[in-house]
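The structure appears right after this line, and notes come after that.
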Amino acid sequence: PRKIVGGSIEAYPYGCTPDGHLVFVSNRGGSYRRWSVPMKDGNESGPPVEIKGVDVNSVASGIDDDGRLYYTSRDSLGEYLGDLDVVSAQVKNVRPMDPNSELTGEGQFPRLEFSPSGRVLAMRVEANTRNMRVRGVVPGRVLGIRAPEGAEFRFNATNWTSDDRMVTILKFPDESKLAWVDAVTGKFDIGVRLADKTHEYRDPIMAKDGQEVFATKMVEAGSVLVRIKVETGEEEPICVGEGPKGLSPDQTQAACGSSEGIRIEQMPGGRGQELVKLKNGDGTFGRGGGTYDQILWTPDGKYIIYWLTNRVSGNVPPASSREPWIMPVSGGGQPRKLSISSVVAETLSIHPNGSLVAIRGSRGPRELWVAENLKFD
């Protein structure tokens with residue numbers, strides 16, 4: 001095998017045109033776009049060129065013998081509110097947000113979230129390693145937060161605190177440090193350096209007593225949920241696995257994912273229980289089987305929501321079969337698909353009252369399109 005494109009980017013092939021161009025989708029430049037690269041004798045014979053005129057939100061179906069690209073349209077992403085009913089496993093009464101709410105906007109890593117108090121619903125966009133935009137904290141205002149000199153934001157390494165500030169882990173050239181930022185003024189308070197200078201940390205959560213920060217540390221084997229001492233930067237592991245992690249609202253339990261399933265670990269050091277079995281011993285799917293990402297607890301700590309993906313060849317994230325499932329933490333209930341009326345949801349954020357949800361997703365009918373006379377220059 002020979003590498004054609006790839007490395008630090010993602011690339012998904014669609015097929016080849018009759019004149020020898022390989023068509024693929026890639027996040028070159030920070031967002032998913034359609035590209036073509038000329039091929040000769042199995043090798044790249046020229047630089048990749050972006051294909052213009054094809055909807056970036058589409059899902060390609062294939063290329064015919066005459067070079068026509070067929071694709072299915074998808075509505076662009078938007079922001080919605082809905083009402084969560086855990087008993088029926090439904091999100092009802094889904095409605096678009098006010099377009100003047102200053103919550104809409106595109107970026108590399110958009111996250112729509114309620115703050116812990118429920119007073120703030122913000123769209124955080126981590127545009128690059130130095131800058132972050134927060135929309136909706138102050139009505140009608142978009143705040144630009146710039147990392148301190150010499151520091152960088154890390155992907156998904158910022159989270160809300162109980163007083164509606166943000167806790168983050170800043171990456172400096174030779175070390176990482178805890179820091180707090182005021183989401184309204186953008187002012188930073190930089191704390192202690194972390195004992196581990198090598199690994200990346202994600203999803204920091206401030207402990208209720210203010211003495212510790214929980215975070216997911218990315219390691220060679222997957223990830224480790226750790227607790228970090230605010231005063232010293234020292235840490236200790238809570239659970240290990242290659243899957244996502246999720247801390248319960250009262251911070252007494254952790255949902256720890258692996259390729260086999262999801263376990264609930266009691267903290268500190270209590271006995272765990274298997275909650276969702278994704279794979280059986282022979283490798284076949286178990287209850288709610290598939291690959292999954294993200295674990296979200298309901299504010300009362302009684303349910304978790306996780307995202308299950310069944311990849312379809314040729315589809316492009318996030319256009320594969322990716323759906324939210326809901327599962328009671330205790331009582332032996334079965335996982336169920338979380339039905340969200342009229343919207344294909346990408347992410348959810350649950351208000352502290354447990355009933356209101358903010359949704360980032362798309363809606364609208366899908367149509368089959370064909371692109372002819374593709375231009376590669």
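FYI, nothing fancy with the structure tokens labels: chains A, B, ... in order, residues from 1 per chain, ligands from 1 as they appear.
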
Do you know which residues are at most 10 Å from region 229-238 of chain A counting only C-alpha atoms, after dropping those on the same chain fewer than 4 positions away, and could you put them as a PyMOL selection string? chain A and resi 176-179+191-196+206-207+210-217+224-225+253-254+256+265-269

Give me the residues within 10 Å of Glu346 (chain A) as an NGL selection string, counting only C-alpha atoms and dropping any in the same chain fewer than 3 places off. :A and (77-78 or 111 or 307 or 318-319 or 322-324 or 343 or 359-362)

Per-residue DSSP, region 93-268 of chain A, filtered to strand (DSSP E), as an MDAnalysis selection string: chainID A and resid 93:96 110:114 121:125 131:135 142:146 158:160 166:172 175:181 188:193 200:206 212:219 222:229 235:241 245:247 253:257 261:266

Skipping near chain neighbours, those fewer than 3 positions away, what residues fall within 7 Å of region 33-37 of chain A using only C-alpha atoms, listed as a ChimeraX atom specification? /A:21-27,44,46-51,56,376

Under the rule that only C-alpha atoms are counted, which of A:Ile205, A:Glu175, A:Lys197, A:Arg130 is the nearest residue to Thr161 (chain A)? A:Ile205

Which neighbours of Ile295 (chain A) fall inside 7 Å, counting only C-alpha atoms, when residues of the same chain fewer than 5 positions from it are skipped, and could you give them as a list in words?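 In the requested form, the answer reads Pro244, Lys245, Gly246, Ile304, Ile305 and Tyr306 of chain A.
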
At a cut-off of 12 Å, using only C-alpha atoms, what residues contact Asp164 (chain A)? Leave out same-chain residues fewer than 6 positions from it and give the result as a VMD selection string. chain A and resid 113 to 122 137 180 to 184 206

Resulting file, chosen residues, C-alpha atoms, as an mmCIF file, in the first residue's frame:
```
data_model
loop_
_atom_site.group_PDB
_atom_site.id
_atom_site.type_symbol
_atom_site.label_atom_id
_atom_site.label_comp_id
_atom_site.auth_asym_id
_atom_site.auth_seq_id
_atom_site.Cartn_x
_atom_site.Cartn_y
_atom_site.Cartn_z
ATOM 1 C CA GLU A 113 -23.894 24.177 25.949
ATOM 2 C CA PHE A 114 -25.845 25.253 28.973
ATOM 3 C CA SER A 115 -23.716 26.510 31.834
ATOM 4 C CA PRO A 116 -24.163 24.704 35.209
ATOM 5 C CA SER A 117 -26.472 27.422 36.541
ATOM 6 C CA GLY A 118 -28.657 27.258 33.427
ATOM 7 C CA ARG A 119 -28.429 31.039 33.078
ATOM 8 C CA VAL A 120 -26.106 30.876 30.077
ATOM 9 C CA LEU A 121 -26.500 29.005 26.804
ATOM 10 C CA ALA A 122 -23.427 29.584 24.688
ATOM 11 C CA VAL A 137 -22.976 34.835 27.047
ATOM 12 C CA TRP A 180 -9.693 29.742 34.586
ATOM 13 C CA VAL A 181 -11.229 32.296 32.255
ATOM 14 C CA ASP A 182 -14.118 34.689 32.743
ATOM 15 C CA ALA A 183 -16.486 33.969 29.845
ATOM 16 C CA VAL A 184 -17.732 37.574 29.846
ATOM 17 C CA MET A 206 -14.084 21.362 38.392
#
```

Can you pull out the residues contacting region 89-93 of chain A? Cut-off 7 Å, using only C-alpha atoms, and skip same-chain residues under 2 positions away; I want them as a ChimeraX atom specification. /A:82-87,95,326,336-341

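Here CA of Pro148 (chain A) is placed at a distance of 12.5 Å from CA of Pro173 (chain A).
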
Find the residues around Gly222 (chain A) up to 10 Å (only C-alpha atoms counted), leave out those fewer than 6 positions away in its own chain, and share them as a list in words. Thr216, Val240, Gly241, Glu242, Gly243, Pro244 and Ser258 of chain A

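Interatomic distance, CA of Val219 (chain A) against CA of His199 (chain A): 6.6 Å.
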
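Comparing A:Arg124, A:Pro13, A:Leu308, A:Val226 by their smallest distance to Leu143 (chain A), the closest is A:Arg124 (using only C-alpha atoms).
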